[in-house]
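K.L.:
This is the structure I want to talk about, given as structure tokens.
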Amino acid sequence: MKNNSKSLYDRIPYIVALTTYFSYAMVICFGYLKDFIGKLFRRKKFRVPQGYARLLSDFEDFYTRRLYSRIRDCWSRPVCSAPGAYIDVMLRDVINYGEDLRINGKTKRCLNLGSYNYLGYADVPGGVDDQVLKALDFYGVSSCGTPNDTGYTDVHARLESLVAEFLNRPAALVMGMGFATNSQIIPSLVGPGCLILSDELNHASIVVGARASGAKIKVFRHNNPVDLEKQLRLAIAEGQPRTHRPWKKILIIVEGIYSMEGEICPLTEIIELKKKYKAYLFLDEAHSIGALGHSGRGVPEYWNIPHSEVDILMGTFTKSFGAVGGYIAGSRELIEHLRNSAPGCLYSSSMSAVCAQHILFALEQIMGKDKTDIGQQKIVRLRENAIMFRRRLIELGIQVYGDPGSPVIPIMLYPPAKIAAFSRECLARGLAVVVVGFPATPLLLSRARICLSAAHTSEDLEFALHVIEEVAELIQIKYNDKKMIEIQLEEEEEAIKASEERAVQNKITHSLIRNHETIIHGKKLLSSNHFGHDNETQDFNGIMHSGRDTQREERKTASFFQRKWNGMDIQWLPSMSSSSVDNNSHYRRMDSSATVET
Amino acid sequence: MLNMEPEVKKLTVNSTPSLRRLLYDIWTYILLYLDAYWQQLRQGHSDLLFHLGVESFFIIIILYLWFQKSYEPKRRRERLTEKEIDNLVNEWKPEPLVPKRQLSRRVREYLFENDTYKSLPSEIEELLVAEHLERESYLPSPREVLRLQSAPTAYCVVNGKKVINLGTCNFLGFAEDDTIKQACAEVLKRYGCGSCGPRGFYGNLDVHIEAEHRIAEFMKAPAAVLYSFGSATCSSVIPAFSKRGDLIICDEAASYFIQTGISLSRASVKWFPHNDMSALEKILAEVVTNDPISGKITQRRFIIVEGISSKFADMTPLDKVVELKNRYRFRLIVDESYSLGVLGKTGRGALEYFGLESTDADIVLADLGNAIATVGGFCCSSQEVANHQRLSSAGYCFSASQPPFLAKACTVALEKLQNECSERLSQLQENIECFQAALGTLDGIRISSHPKSPIVFLRLDKSLGSYTMDEQWMMKLQEALWSEGVFVSVPQYLANEHIRPSPGLRLCISSNHSRKVLKTAAEKIRKTVAKLLFPSKHVSPLKIP
């Protein structure tokens, strides 16, 4: 396993590091000078009401006023179109050196390399289905209730079962906001006396959730299984701090693709560790679901690992699916527990049924349930775009991080002045990119982030590369020399080859599973509405549930089957498909024996 | 040598030993000796020089030993060997990820009906659960028993049955409003469903800016910040402004997310009994007593209250709170989630109801998921506070922005509220009055609500024994009411809430309900409650499927 976090600092040329520090020092010095003068002459602005403490603590406020405000026009650019392949950015006038920004009424059409529109479901037209508008008409804007109580509609139920099917897990639940899925679910998984081992670059929502849970949090080095193992051993050996009692549970939290680095987590190693040390694994697939794996099923598919190996699968619908919200998939007991104990399920409002319908539409396309290969094409397109774009950037001599195949590609900029320069120059040439600096990244490692989409055509990407080359030349960010470029290209090739091999393997096992499913469907052992809902998504008016008892019967068989299904080993699949009829009877026998036993 | 005598006498006279005394004595002796040597040297006794040398040598040695570190054997940390750690790892048994399951709904129901619930020892309970779980591998959670199959209108379809809707917080009927739907459909066609990015990174659509302007205008506040989820609003805003060392005074019955926000902020917190103003004043006065006279304070202090309490549906006397806040110089955060669009002349909430402006509180928060009938939340404040949130509020910075059509729904709903506030609000207030009158009082049931609040809680006067049993009873009531044709909600509360209210039935009244409907609903509730509470009085006890 390559150690990325170390190399992130290794690759900065010394002179660049020095100038970066120097420029921050300069800006800070001038900031303090300005503050000093301001306090002398413009007291009104700095005054605090008598008897109250300052509302904003000093350094944060200082950072905003003196550093951020100089380049604040690079962020929060207003947009007046759908976040598709192209967006209309509304231009703003900078007033008084960044004190204020005013929209001046002009717009500029830009190629969008900033939105998380990985599979292009945010594009209009094409993104929004008629069904979505029908759902709006039928279910209203919002259901004005909580998911656990009165706000749970049929669409939610359908979506949950489809997500569970997509990830090949027995159950799933959906929530109205991706951030809240993490921050309001983690507290009901762990509590005081438990340990959370969290990757150091985990998203803020995970940090908030972990802190709200009351569990002890330890951080391991980014994407570093060696450090994780060290921490695990130490934690189990030493137990809880002070009392030295053994930990109740240990939860490892990692992300699929790290949004600021574009790196894919080494799931194989982490799962080995998780099993060896009896910890639980929480995998946040916010960026990787839909974008990784040959059928868009995320990191587990990318590494060719069954989804059942991960205890808690979390993901969001904001990115690949072009909607909003998040999901948790896992065992039935887990989902049941979360539904009755997670603050997000008990107190938050449920997802708008309209969004749920949109996700259903996208998910059905990705899974090929609409009998077309549009979804599959999108996934392939995204992967091709990502690999091509990365390679071309490396060839240009630009420093790029992350793994090939990830749709997120960071371009390293380093000095703070280049953040603004890169963003402004790109915008002027018709390219909307995201730039990130301190505090979202370490002080030294400012970067621009490219998010590719299946909606980008090769001409679009050629145009983007052309612009980036021009700008890179202008602001001098081609930090790599020829030798470095060659090394990186070689690494790239190797990684792509390995991932393709894995994909081929995965396809074989998957086709076996799918064969199997059709056989079982044919025998009607696993009925189409095995999650207790109607499969006919078209019909909003006519959905009346059959009697509750029959529903439960179906559930019973389905859940039993699901349990077997998830626990089974991939290795004995071939033998199953060869004698399918026997297998069915095998299932039947097992099912009946199970009921007899109890 | 003569001048030695008085000093020696002094020593003998004063005999109380103390460290200072001892040091003083030693110092005196040293001085005396030096003095003696000096005088003898002056007189020509050169051999004394040798004595002096030896004695100073000894003194140096004494001092050296004195100041040298005392002997301490090196503390060696006994490191565990790899093998020992392996053994520990093998020994360690983690708790299961999902805690031991509670009695499932159906088991509880069964036991409840057979009246064996109270006297069941815990081991048998466990056995029963285990057995039951094996037999029925999946039990539907209560939430899945009642499933909404239409818009949350006055009449809605639940589990295939058309029922009166008292379950959803659609107070003003905006969820099914046609103009709002139309506006949303247009936005959906133009902007797509999601915004695909946080506000900072090209997720900042003109629709969001418009919604923020509209909210600020409606609330008559200098600025407003839009959040994409109601419950993430207060748990992000509170930690954005209060840090470790700050002080928060909070109502005990504040909602769970306010509690989360407080615990995330790491500020110290003091709770005052629900709506108890004298207790609040006492706490404030106590805090202020230690302040410096100069008035320079570095601790940020907040009072957090809700307009209409989400747990008890009563109203906080905000006029009194604002007065106290100004007197003791605290900052005020008001959560108007349930009062927005309900109270006040123009529907601005509890602050307006008490004749106050939004600017009287420093921060006003609200969930847009209730009366405004969309998904999201907002925070109204001064421009400075709003700007700070845009950089340091976690729920704003790190989350994708609200879907544009939901922001549009908010804009249009607030516009509608501004234009037709008198009709809708008066209709709602009339409905509330009518319903509460029709409901009257119930035997064995405590009704907690403010006469102007659109939510009403029914709670058991006397607990049946435990929280679970009460909850069980409430769920039974919910199901019975459903079969009677009334849809109500039974909010669940987590065990780690600061104050966990007893389980209750929540009834939500909307302006879309007709009086007749509300009267029948109230009548049905009265009947069903009586039937369930006093089954012996009725000939045929209710059968629950």
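Letters A, B, ... go to the chains of the structure tokens in the order shown; residues in each chain start at 1; ligands are counted from 1 in the same order.
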For chain A, list the residues within 6 Å of chain B, counting only C-alpha atoms, and write the list as a ChimeraX atom specification.
P.N.:
/A:51,53,75-82,115-117,122,124,128,139-145,148-149,152-154,179,237,248-249,318-319,322-324,334,348,544,598
K.L.:
Would you please extract all alpha helix (DSSP H) residues from region 261-338 of chain A, as assigned by DSSP on the backbone, and give them as a PyMOL selection string?
P.N.:
chain A and resi 267-276+299-302+332-338
K.L.:
Take CA of Asp88 (chain A) and CA of Arg109 (chain A) and report the distance between them in Å, one decimal.
P.N.:
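We find that CA of Asp88 (chain A) and CA of Arg109 (chain A) lie 4.4 Å from each other.
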K.L.:
One number please: CA of Lys270 (chain B) to CA of Ile308 (chain B), in Å, one decimal.
P.N.:
20.4 Å
K.L.:
List as a list of chain:residue names the protein and nucleic acid residues near Glu384 (chain A), meaning an atom at most 10 Å away when only C-alpha atoms are counted, but skip any in the same chain fewer than 5 places from it.
P.N.:
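Listed by chain and then number, they are A:Lys378, A:Ile379, A:Phe389, A:Gly405, A:Pro407, A:Ala454, A:Ser458.
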K.L.:
Report, in Å with one decimal, the straight-line distance from CA of Asn304 (chain A) to CA of Ala503 (chain A).
P.N.:
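Interatomic distance here is 7.4 Å.
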K.L.:
Could you tell me, as a ChimeraX atom specification, which residues of region 275-503 of chain A DSSP assigns to strand (DSSP E or B) when given the backbone?
P.N.:
/A:280-284,312-316,326-330,400,408-412,431-432,434-436,447-451
K.L.:
Which residues, written as an MDAnalysis selection string, have at least one atom at most 8 Å from region 455-462 of chain B, with only C-alpha atoms counted and residues fewer than 6 positions away on the same chain left out?
P.N.:
chainID B and resid 312:313 444:449 470 502:509
K.L.:
How about saving the chosen residues, all heavy atoms kept, as a short mmCIF file (atom, residue, chain, number, x, y, z; two decimals), in the first residue's frame?
P.N.:
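For reference, part-v6.cif as written:
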```cif
data_model
loop_
_atom_site.label_atom_id
_atom_site.label_comp_id
_atom_site.auth_asym_id
_atom_site.auth_seq_id
_atom_site.Cartn_x
_atom_site.Cartn_y
_atom_site.Cartn_z
N PHE B 312 -44.04 19.92 24.88
CA PHE B 312 -45.21 20.14 25.71
C PHE B 312 -46.24 21.08 25.08
O PHE B 312 -47.30 21.30 25.65
CB PHE B 312 -44.81 20.66 27.09
CG PHE B 312 -43.95 19.68 27.85
CD1 PHE B 312 -42.58 19.83 27.91
CD2 PHE B 312 -44.53 18.58 28.46
CE1 PHE B 312 -41.80 18.90 28.58
CE2 PHE B 312 -43.75 17.66 29.13
CZ PHE B 312 -42.39 17.81 29.20
N ALA B 313 -45.89 21.65 23.93
CA ALA B 313 -46.82 22.50 23.18
C ALA B 313 -47.25 23.75 23.95
O ALA B 313 -48.25 24.37 23.61
CB ALA B 313 -48.04 21.72 22.73
N GLY B 444 -58.41 10.67 33.08
CA GLY B 444 -57.17 9.88 33.06
C GLY B 444 -56.16 10.36 32.05
O GLY B 444 -55.12 9.74 31.86
N ILE B 445 -56.45 11.47 31.37
CA ILE B 445 -55.54 11.97 30.35
C ILE B 445 -55.18 13.41 30.66
O ILE B 445 -56.05 14.21 31.04
CB ILE B 445 -56.19 11.89 28.95
CG1 ILE B 445 -56.38 10.44 28.51
CG2 ILE B 445 -55.39 12.66 27.93
CD1 ILE B 445 -55.15 9.75 28.05
N ARG B 446 -53.90 13.72 30.51
CA ARG B 446 -53.44 15.09 30.72
C ARG B 446 -53.27 15.72 29.35
O ARG B 446 -52.55 15.18 28.50
CB ARG B 446 -52.13 15.05 31.47
CG ARG B 446 -51.52 16.33 31.87
CD ARG B 446 -50.52 16.10 33.00
NE ARG B 446 -49.80 14.82 32.83
CZ ARG B 446 -48.65 14.71 32.21
NH1 ARG B 446 -48.07 15.76 31.68
NH2 ARG B 446 -48.05 13.52 32.11
N ILE B 447 -53.96 16.81 29.11
CA ILE B 447 -53.80 17.48 27.82
C ILE B 447 -52.86 18.65 28.02
O ILE B 447 -53.13 19.54 28.82
CB ILE B 447 -55.16 17.98 27.29
CG1 ILE B 447 -56.09 16.78 27.08
CG2 ILE B 447 -54.98 18.75 26.00
CD1 ILE B 447 -57.48 17.15 26.65
N SER B 448 -51.73 18.63 27.31
CA SER B 448 -50.83 19.77 27.47
C SER B 448 -50.76 20.52 26.16
O SER B 448 -50.43 19.96 25.12
CB SER B 448 -49.43 19.30 27.92
OG SER B 448 -48.74 18.74 26.85
N SER B 449 -51.15 21.77 26.25
CA SER B 449 -51.15 22.62 25.08
C SER B 449 -51.45 24.05 25.49
O SER B 449 -52.06 24.28 26.52
CB SER B 449 -52.22 22.16 24.09
OG SER B 449 -52.33 23.08 23.05
N ASP B 470 -46.20 2.69 28.73
CA ASP B 470 -46.96 3.86 28.31
C ASP B 470 -46.90 4.02 26.79
O ASP B 470 -47.90 4.28 26.13
CB ASP B 470 -46.40 5.13 28.97
CG ASP B 470 -46.69 5.16 30.45
OD1 ASP B 470 -47.36 4.23 30.92
OD2 ASP B 470 -46.25 6.11 31.11
N SER B 502 -43.01 11.88 29.12
CA SER B 502 -43.68 10.59 29.02
C SER B 502 -44.30 10.50 27.62
O SER B 502 -44.62 11.51 27.01
CB SER B 502 -44.73 10.46 30.11
OG SER B 502 -45.65 11.51 30.00
N PRO B 503 -44.47 9.29 27.12
CA PRO B 503 -44.97 9.13 25.75
C PRO B 503 -46.34 9.76 25.61
O PRO B 503 -47.15 9.73 26.56
CB PRO B 503 -45.06 7.63 25.56
CG PRO B 503 -44.36 7.03 26.70
CD PRO B 503 -44.24 8.01 27.77
N GLY B 504 -46.60 10.31 24.47
CA GLY B 504 -47.88 10.97 24.29
C GLY B 504 -48.36 10.90 22.86
O GLY B 504 -47.66 10.46 21.96
N LEU B 505 -49.58 11.32 22.69
CA LEU B 505 -50.18 11.39 21.38
C LEU B 505 -50.07 12.84 20.92
O LEU B 505 -50.38 13.74 21.69
CB LEU B 505 -51.65 10.99 21.52
CG LEU B 505 -52.33 10.32 20.36
CD1 LEU B 505 -51.70 8.97 20.15
CD2 LEU B 505 -53.80 10.15 20.69
N ARG B 506 -49.62 13.06 19.69
CA ARG B 506 -49.54 14.44 19.22
C ARG B 506 -50.60 14.68 18.16
O ARG B 506 -50.68 13.95 17.18
CB ARG B 506 -48.16 14.72 18.65
CG ARG B 506 -47.90 16.20 18.50
CD ARG B 506 -46.58 16.45 17.83
NE ARG B 506 -46.62 15.98 16.46
CZ ARG B 506 -45.57 15.97 15.65
NH1 ARG B 506 -44.40 16.36 16.09
NH2 ARG B 506 -45.67 15.55 14.41
N LEU B 507 -51.40 15.69 18.37
CA LEU B 507 -52.43 16.03 17.40
C LEU B 507 -52.06 17.36 16.77
O LEU B 507 -51.72 18.31 17.47
CB LEU B 507 -53.80 16.16 18.11
CG LEU B 507 -54.17 14.98 19.01
CD1 LEU B 507 -55.38 15.34 19.84
CD2 LEU B 507 -54.45 13.75 18.17
N CYS B 508 -52.09 17.43 15.46
CA CYS B 508 -51.75 18.67 14.76
C CYS B 508 -52.97 19.18 14.04
O CYS B 508 -53.64 18.44 13.32
CB CYS B 508 -50.66 18.42 13.74
SG CYS B 508 -49.22 17.64 14.43
N ILE B 509 -53.26 20.44 14.24
CA ILE B 509 -54.44 21.03 13.62
C ILE B 509 -54.01 21.91 12.46
O ILE B 509 -53.02 22.64 12.57
CB ILE B 509 -55.24 21.84 14.65
CG1 ILE B 509 -55.67 20.91 15.78
CG2 ILE B 509 -56.46 22.49 14.03
CD1 ILE B 509 -55.44 21.45 17.12
#
```
K.L.:
List the spatial neighbours of Gly214 (chain A) as a ChimeraX atom specification - criterion: any atom at most 6 Å away, only C-alpha atoms, same-chain residues fewer than 2 positions off excluded.
P.N.:
/A:191-192,211-212
K.L.:
Residues near region 416-420 of chain A, anyone? I mean within 10 Å using only C-alpha atoms, not counting same-chain ones fewer than 6 positions away, as a PyMOL selection string.
P.N.:
chain A and resi 19-21+23-24+27+67+70-75+426+434-438+443-448+472+475-477
K.L.:
Give me the residues within 12 Å of Ala498 (chain A) as a PDB file with all heavy atoms, in the first residue's frame, counting only C-alpha atoms and dropping any in the same chain fewer than 6 places off.
P.N.:
```
ATOM      1  N   TYR A 302     -15.519  -2.063  -6.264  1.00  0.00           N
ATOM      2  CA  TYR A 302     -14.218  -1.695  -6.848  1.00  0.00           C
ATOM      3  C   TYR A 302     -13.122  -2.639  -6.371  1.00  0.00           C
ATOM      4  O   TYR A 302     -12.267  -3.061  -7.128  1.00  0.00           O
ATOM      5  CB  TYR A 302     -13.908  -0.250  -6.457  1.00  0.00           C
ATOM      6  CG  TYR A 302     -12.578   0.271  -6.936  1.00  0.00           C
ATOM      7  CD1 TYR A 302     -12.441   0.778  -8.222  1.00  0.00           C
ATOM      8  CD2 TYR A 302     -11.474   0.295  -6.091  1.00  0.00           C
ATOM      9  CE1 TYR A 302     -11.234   1.275  -8.669  1.00  0.00           C
ATOM     10  CE2 TYR A 302     -10.259   0.798  -6.530  1.00  0.00           C
ATOM     11  CZ  TYR A 302     -10.145   1.280  -7.812  1.00  0.00           C
ATOM     12  OH  TYR A 302      -8.951   1.774  -8.245  1.00  0.00           O
ATOM     13  N   TRP A 303     -13.162  -2.989  -5.079  1.00  0.00           N
ATOM     14  CA  TRP A 303     -12.147  -3.899  -4.536  1.00  0.00           C
ATOM     15  C   TRP A 303     -12.593  -5.349  -4.599  1.00  0.00           C
ATOM     16  O   TRP A 303     -11.943  -6.224  -4.036  1.00  0.00           O
ATOM     17  CB  TRP A 303     -11.825  -3.544  -3.078  1.00  0.00           C
ATOM     18  CG  TRP A 303     -11.086  -2.264  -2.916  1.00  0.00           C
ATOM     19  CD1 TRP A 303     -11.557  -1.136  -2.336  1.00  0.00           C
ATOM     20  CD2 TRP A 303      -9.751  -1.958  -3.320  1.00  0.00           C
ATOM     21  NE1 TRP A 303     -10.612  -0.144  -2.359  1.00  0.00           N
ATOM     22  CE2 TRP A 303      -9.492  -0.633  -2.965  1.00  0.00           C
ATOM     23  CE3 TRP A 303      -8.737  -2.685  -3.975  1.00  0.00           C
ATOM     24  CZ2 TRP A 303      -8.281   0.002  -3.215  1.00  0.00           C
ATOM     25  CZ3 TRP A 303      -7.529  -2.057  -4.231  1.00  0.00           C
ATOM     26  CH2 TRP A 303      -7.315  -0.726  -3.856  1.00  0.00           C
ATOM     27  N   ASN A 304     -13.743  -5.581  -5.187  1.00  0.00           N
ATOM     28  CA  ASN A 304     -14.256  -6.941  -5.331  1.00  0.00           C
ATOM     29  C   ASN A 304     -14.527  -7.615  -3.983  1.00  0.00           C
ATOM     30  O   ASN A 304     -14.111  -8.747  -3.734  1.00  0.00           O
ATOM     31  CB  ASN A 304     -13.251  -7.774  -6.133  1.00  0.00           C
ATOM     32  CG  ASN A 304     -13.957  -8.759  -7.024  1.00  0.00           C
ATOM     33  OD1 ASN A 304     -15.168  -8.923  -6.890  1.00  0.00           O
ATOM     34  ND2 ASN A 304     -13.227  -9.400  -7.902  1.00  0.00           N
ATOM     35  N   ASP A 403      -6.418   8.547  -6.720  1.00  0.00           N
ATOM     36  CA  ASP A 403      -6.262   7.289  -7.441  1.00  0.00           C
ATOM     37  C   ASP A 403      -6.942   7.382  -8.798  1.00  0.00           C
ATOM     38  O   ASP A 403      -7.944   8.074  -8.940  1.00  0.00           O
ATOM     39  CB  ASP A 403      -6.890   6.164  -6.613  1.00  0.00           C
ATOM     40  CG  ASP A 403      -6.091   5.903  -5.357  1.00  0.00           C
ATOM     41  OD1 ASP A 403      -4.878   5.731  -5.471  1.00  0.00           O
ATOM     42  OD2 ASP A 403      -6.687   5.888  -4.259  1.00  0.00           O
ATOM     43  N   PRO A 404      -6.419   6.658  -9.770  1.00  0.00           N
ATOM     44  CA  PRO A 404      -7.084   6.675 -11.078  1.00  0.00           C
ATOM     45  C   PRO A 404      -8.457   6.026 -10.961  1.00  0.00           C
ATOM     46  O   PRO A 404      -8.653   5.087 -10.202  1.00  0.00           O
ATOM     47  CB  PRO A 404      -6.157   5.835 -11.953  1.00  0.00           C
ATOM     48  CG  PRO A 404      -5.342   5.034 -11.018  1.00  0.00           C
ATOM     49  CD  PRO A 404      -5.208   5.843  -9.779  1.00  0.00           C
ATOM     50  N   GLY A 405      -9.400   6.559 -11.696  1.00  0.00           N
ATOM     51  CA  GLY A 405     -10.761   6.032 -11.642  1.00  0.00           C
ATOM     52  C   GLY A 405     -11.651   6.863 -10.750  1.00  0.00           C
ATOM     53  O   GLY A 405     -12.863   6.800 -10.848  1.00  0.00           O
ATOM     54  N   GLU A 491       2.860   4.444 -12.582  1.00  0.00           N
ATOM     55  CA  GLU A 491       1.998   4.074 -11.444  1.00  0.00           C
ATOM     56  C   GLU A 491       0.543   4.019 -11.864  1.00  0.00           C
ATOM     57  O   GLU A 491      -0.195   3.087 -11.532  1.00  0.00           O
ATOM     58  CB  GLU A 491       2.125   5.121 -10.329  1.00  0.00           C
ATOM     59  CG  GLU A 491       3.296   4.905  -9.408  1.00  0.00           C
ATOM     60  CD  GLU A 491       3.403   6.022  -8.384  1.00  0.00           C
ATOM     61  OE1 GLU A 491       2.434   6.786  -8.220  1.00  0.00           O
ATOM     62  OE2 GLU A 491       4.473   6.145  -7.762  1.00  0.00           O
ATOM     63  N   GLU A 492       0.193   5.030 -12.625  1.00  0.00           N
ATOM     64  CA  GLU A 492      -1.169   5.162 -13.120  1.00  0.00           C
ATOM     65  C   GLU A 492      -1.572   3.917 -13.913  1.00  0.00           C
ATOM     66  O   GLU A 492      -2.622   3.320 -13.674  1.00  0.00           O
ATOM     67  CB  GLU A 492      -1.187   6.399 -14.015  1.00  0.00           C
ATOM     68  CG  GLU A 492      -2.520   6.893 -14.359  1.00  0.00           C
ATOM     69  CD  GLU A 492      -3.061   7.832 -13.308  1.00  0.00           C
ATOM     70  OE1 GLU A 492      -2.396   8.030 -12.275  1.00  0.00           O
ATOM     71  OE2 GLU A 492      -4.157   8.339 -13.501  1.00  0.00           O
ATOM     72  N   VAL A 504     -13.187  -7.343 -14.056  1.00  0.00           N
ATOM     73  CA  VAL A 504     -13.537  -8.530 -14.841  1.00  0.00           C
ATOM     74  C   VAL A 504     -13.976  -9.654 -13.913  1.00  0.00           C
ATOM     75  O   VAL A 504     -15.014 -10.291 -14.108  1.00  0.00           O
ATOM     76  CB  VAL A 504     -12.338  -8.956 -15.712  1.00  0.00           C
ATOM     77  CG1 VAL A 504     -12.607 -10.319 -16.332  1.00  0.00           C
ATOM     78  CG2 VAL A 504     -12.080  -7.937 -16.789  1.00  0.00           C
ATOM     79  N   GLN A 505     -13.180  -9.858 -12.868  1.00  0.00           N
ATOM     80  CA  GLN A 505     -13.538 -10.887 -11.881  1.00  0.00           C
ATOM     81  C   GLN A 505     -14.918 -10.642 -11.304  1.00  0.00           C
ATOM     82  O   GLN A 505     -15.746 -11.539 -11.215  1.00  0.00           O
ATOM     83  CB  GLN A 505     -12.543 -10.869 -10.720  1.00  0.00           C
ATOM     84  CG  GLN A 505     -11.303 -11.675 -10.975  1.00  0.00           C
ATOM     85  CD  GLN A 505     -10.333 -11.481  -9.825  1.00  0.00           C
ATOM     86  OE1 GLN A 505     -10.719 -11.020  -8.752  1.00  0.00           O
ATOM     87  NE2 GLN A 505      -9.078 -11.810 -10.055  1.00  0.00           N
TER      88      GLN A 505
END
```
